$ cat run_28.txt   # compact mmCIF, C-alpha atoms
# COMPACT_ATOMS: atom_id res chain seq x y z
CA CYS A 1 -1.58 80.83 23.97
CA SER A 2 1.22 83.01 22.71
CA TRP A 3 4.12 83.80 25.03
CA PRO A 4 5.80 87.21 24.83
CA PRO A 5 9.14 87.24 23.03
CA LEU A 6 12.11 86.34 25.19
CA MET A 7 14.81 88.88 25.82
CA ARG A 8 18.37 87.71 25.87
CA VAL A 9 20.10 88.96 29.01
CA LYS A 10 23.61 88.23 30.16
CA SER A 11 24.05 87.11 33.73
CA ILE A 12 22.79 89.58 36.28
CA TYR A 13 24.75 90.16 39.45
CA VAL A 14 22.73 90.63 42.63
CA ILE A 15 23.93 92.08 45.92
CA THR A 16 21.53 92.10 48.83
CA LEU A 17 22.49 94.33 51.71
CA PHE A 18 21.67 94.02 55.39
CA THR A 19 20.97 97.26 57.21
CA GLY A 20 20.24 95.96 60.70
CA SER A 21 22.58 95.86 63.67
CA SER A 22 22.53 96.45 67.39
CA LEU A 23 23.03 100.15 66.72
CA SER A 24 21.16 100.20 63.41
CA ASP A 25 19.70 103.63 64.12
CA GLN A 26 23.26 104.96 63.93
CA ILE A 27 24.75 102.70 61.21
CA HIS A 28 23.52 103.15 57.66
CA GLN A 29 24.27 100.95 54.67
CA THR A 30 23.13 101.98 51.19
CA PRO A 31 21.73 101.07 48.78
CA PRO A 32 19.42 98.42 50.28
CA ASP A 33 19.57 96.33 47.06
CA LEU A 34 21.94 96.45 44.14
CA PHE A 35 21.72 94.81 40.71
CA ARG A 36 24.63 94.83 38.28
CA LYS A 37 25.69 92.95 35.16
CA GLU A 38 28.85 90.89 34.91
CA ASN A 39 32.12 92.84 34.65
CA GLN A 40 30.52 96.01 36.04
CA THR A 41 31.42 97.69 39.33
CA ALA A 42 29.31 97.84 42.49
CA GLU A 43 29.58 100.36 45.33
CA ILE A 44 28.14 99.84 48.81
CA HIS A 45 28.29 102.71 51.31
CA CYS A 46 28.47 102.43 55.08
CA SER A 47 28.30 105.36 57.49
CA HIS A 48 27.83 105.93 61.19
CA THR A 49 28.05 108.62 63.86
CA ILE A 50 28.95 106.48 66.88
CA TYR A 51 31.52 108.23 69.05
CA ASN A 52 34.89 106.42 69.26
CA TYR A 53 33.86 103.68 66.81
CA ASP A 54 36.83 104.18 64.51
CA GLN A 55 36.72 100.85 62.70
CA ILE A 56 34.41 99.60 59.96
CA LEU A 57 34.37 95.92 59.11
CA TRP A 58 32.89 94.35 55.97
CA TYR A 59 31.45 90.84 55.66
CA LYS A 60 30.19 88.69 52.81
CA GLN A 61 27.58 85.97 53.37
CA LYS A 62 27.35 83.29 50.69
CA PRO A 63 26.27 80.91 52.26
CA GLY A 64 28.79 81.11 55.13
CA LEU A 65 29.90 84.40 56.64
CA LYS A 66 33.39 85.58 55.62
CA ARG A 67 35.19 88.71 56.69
CA ILE A 68 36.29 90.83 53.73
CA GLY A 69 38.43 93.14 55.85
CA HIS A 70 38.35 96.30 57.90
CA VAL A 71 39.30 99.96 57.90
CA ASN A 72 40.87 101.79 60.86
CA TYR A 73 41.33 105.51 60.28
CA ASN A 74 43.18 105.35 56.96
CA ASP A 75 44.63 101.86 57.51
CA LYS A 76 42.98 99.19 55.35
CA GLU A 77 43.35 95.44 55.74
CA TYR A 78 41.89 92.81 53.40
CA GLU A 79 41.49 89.13 54.18
CA GLU A 80 43.07 86.57 51.87
CA GLY A 81 41.09 86.20 48.66
CA PHE A 82 39.58 89.69 48.83
CA GLN A 83 42.58 91.79 47.76
CA LYS A 84 41.90 91.57 44.03
CA ASP A 85 38.37 92.88 43.37
CA PHE A 86 37.52 94.63 46.67
CA ILE A 87 38.57 98.19 47.55
CA PHE A 88 37.77 100.28 50.65
CA THR A 89 37.66 104.07 50.31
CA GLY A 90 36.55 106.77 52.70
CA ASP A 91 37.47 108.54 55.90
CA LEU A 92 37.22 107.53 59.55
CA SER A 93 39.29 110.37 61.00
CA GLY A 94 38.07 113.05 63.37
CA ASP A 95 34.75 113.42 65.16
CA LYS A 96 32.61 113.81 62.05
CA ALA A 97 30.45 111.09 60.48
CA LYS A 98 32.46 108.04 59.44
CA ASN A 99 32.00 106.99 55.81
CA ILE A 100 33.49 103.98 54.03
CA THR A 101 32.63 102.67 50.58
CA LEU A 102 33.18 99.08 49.51
CA THR A 103 33.81 98.89 45.76
CA ILE A 104 33.68 95.52 44.03
CA SER A 105 35.08 95.52 40.51
CA ASN A 106 34.95 93.00 37.64
CA LEU A 107 31.73 91.48 38.97
CA LYS A 108 31.22 87.76 38.47
CA THR A 109 27.88 86.23 39.40
CA SER A 110 29.46 83.05 40.75
CA GLU A 111 31.98 84.91 42.93
CA HIS A 112 30.26 88.10 44.03
CA SER A 113 26.51 87.43 44.34
CA ALA A 114 26.00 87.53 48.10
CA VAL A 115 24.68 89.45 51.08
CA TYR A 116 27.16 92.09 52.25
CA TYR A 117 27.27 93.57 55.77
CA CYS A 118 29.12 96.47 57.31
CA ALA A 119 29.68 96.85 61.04
CA ALA A 120 31.17 99.56 63.22
CA SER A 121 33.50 98.71 66.06
CA TYR A 122 35.39 100.40 68.83
CA ALA A 123 39.11 100.10 68.19
CA GLN A 124 41.47 100.86 71.02
CA TRP A 125 44.82 102.16 69.88
CA GLN A 126 47.77 102.32 72.20
CA GLN A 127 51.21 103.55 71.32
CA MET A 128 53.88 101.28 72.68
CA PRO A 129 56.81 103.00 74.36
CA SER A 130 60.05 102.75 72.48
CA ALA A 131 62.32 100.10 73.90
CA SER A 132 65.74 100.97 75.21
CA TYR A 133 68.42 98.35 75.37
CA ASN A 134 71.44 98.25 77.63
CA ASN A 135 74.57 96.36 76.79
CA LEU A 136 74.72 93.77 79.55
CA HIS A 137 78.02 92.31 78.39
CA PRO A 138 81.20 94.13 79.29
CA SER A 139 83.50 95.04 76.46
CA VAL A 140 86.24 92.53 75.89
$ encode --input "run_28.txt" --output "structure tokens"
Amino acid sequence: CSWPPLMRVKSIYVITLFTGSSLSDQIHQTPPDLFRKENQTAEIHCSHTIYNYDQILWYKQKPGLKRIGHVNYNDKEYEEGFQKDFIFTGDLSGDKAKNITLTISNLKTSEHSAVYYCAASYAQWQQMPSASYNNLHPSV
């Protein structure tokens, strides 16, 4: 029996995406599967149309669940260890559809192969009144 010739392939990076959620009919994550080679870049898109849900959170599951960070309007926050290769881009402002892209650069199979999730959340913002201070000590 003769086996077909083997092809030499460098490590392949695999991202599996989860598209379900409690409001999955309104939250969309694409593409459903993503395959990339080492040192390439991967983009995962998350969008929703849920009124007043002005925050998108990203998670990585491998094997435990870790929060990558979140985006509020144009404010982006990354958890420790995710600042280097992970970038959020997009727009959450206004009443239109909310769209955020997670870009992972310099892919490494050992570090980045995982299941990635996006979630939408209601974020309540409240402006704090400016404080006024009175001098309680009489002048000496």
$ atom_distance --input "run_28.txt" --atom1 "atom CA of A:Gln26" --atom2 "atom CA of A:Ser105"
27.9 Å
$ residues_around --input "run_28.txt" --residues "A:Lys62" --least-positions-apart "2" --cutoff "8 Å" --atoms "all atoms listed in the file" --output "PDB file with C-alpha atoms, keeping the file's coordinate frame"
ATOM      1  CA  LYS A  60      30.190  88.690  52.810  1.00  0.00           C
ATOM      2  CA  GLY A  64      28.790  81.110  55.130  1.00  0.00           C
ATOM      3  CA  LEU A  65      29.900  84.400  56.640  1.00  0.00           C
ATOM      4  CA  SER A 113      26.510  87.430  44.340  1.00  0.00           C
ATOM      5  CA  ALA A 114      26.000  87.530  48.100  1.00  0.00           C
ATOM      6  CA  VAL A 115      24.680  89.450  51.080  1.00  0.00           C
TER       7      VAL A 115
END
$ atom_distance --input "run_28.txt" --atom1 "atom CA of A:Thr30" --atom2 "atom CA of A:Asp54"
19.2 Å
$ atom_distance --input "run_28.txt" --atom1 "atom CA of A:Lys108" --atom2 "atom CA of A:Arg36"
9.7 Å
$ residues_around --input "run_28.txt" --residues "A:Ile87" --least-positions-apart "4" --cutoff "7 Å" --atoms "only C-alpha atoms" --output "PyMOL selection string"
chain A and resi 102-104
$ write_last_selection --input "run_28.txt" --atoms "C-alpha atoms" --output "short mmCIF file (atom, residue, chain, number, x, y, z; two decimals), in the coordinates of the input"
data_model
loop_
_atom_site.label_atom_id
_atom_site.label_comp_id
_atom_site.auth_asym_id
_atom_site.auth_seq_id
_atom_site.Cartn_x
_atom_site.Cartn_y
_atom_site.Cartn_z
CA LEU A 102 33.18 99.08 49.51
CA THR A 103 33.81 98.89 45.76
CA ILE A 104 33.68 95.52 44.03
#
$ residues_around --input "run_28.txt" --residues "A:Leu92" --least-positions-apart "6" --cutoff "12 Å" --atoms "all atoms listed in the file" --output "list in words"
Cys46, Ser47, His48, Thr49, Ile50, Tyr51, Asn52, Tyr53, Asp54, Gln55, Ile56, Leu57, His70, Val71, Asn72, Tyr73, Asn74, Asp75, Lys76, Lys98, Asn99, Ile100, Thr101, Ala120, Ser121, Tyr122 and Ala123 of chain A
$ closest_residue --input "run_28.txt" --among "A:Tyr78, A:Phe35, A:Trp58, A:Phe88" --to "A:Leu107" --atoms "all atoms listed in the file"
A:Phe35
$ closest_residue --input "run_28.txt" --among "A:Phe82, A:Gly94, A:His45, A:Glu77" --to "A:Ile27" --atoms "only C-alpha atoms"
A:His45
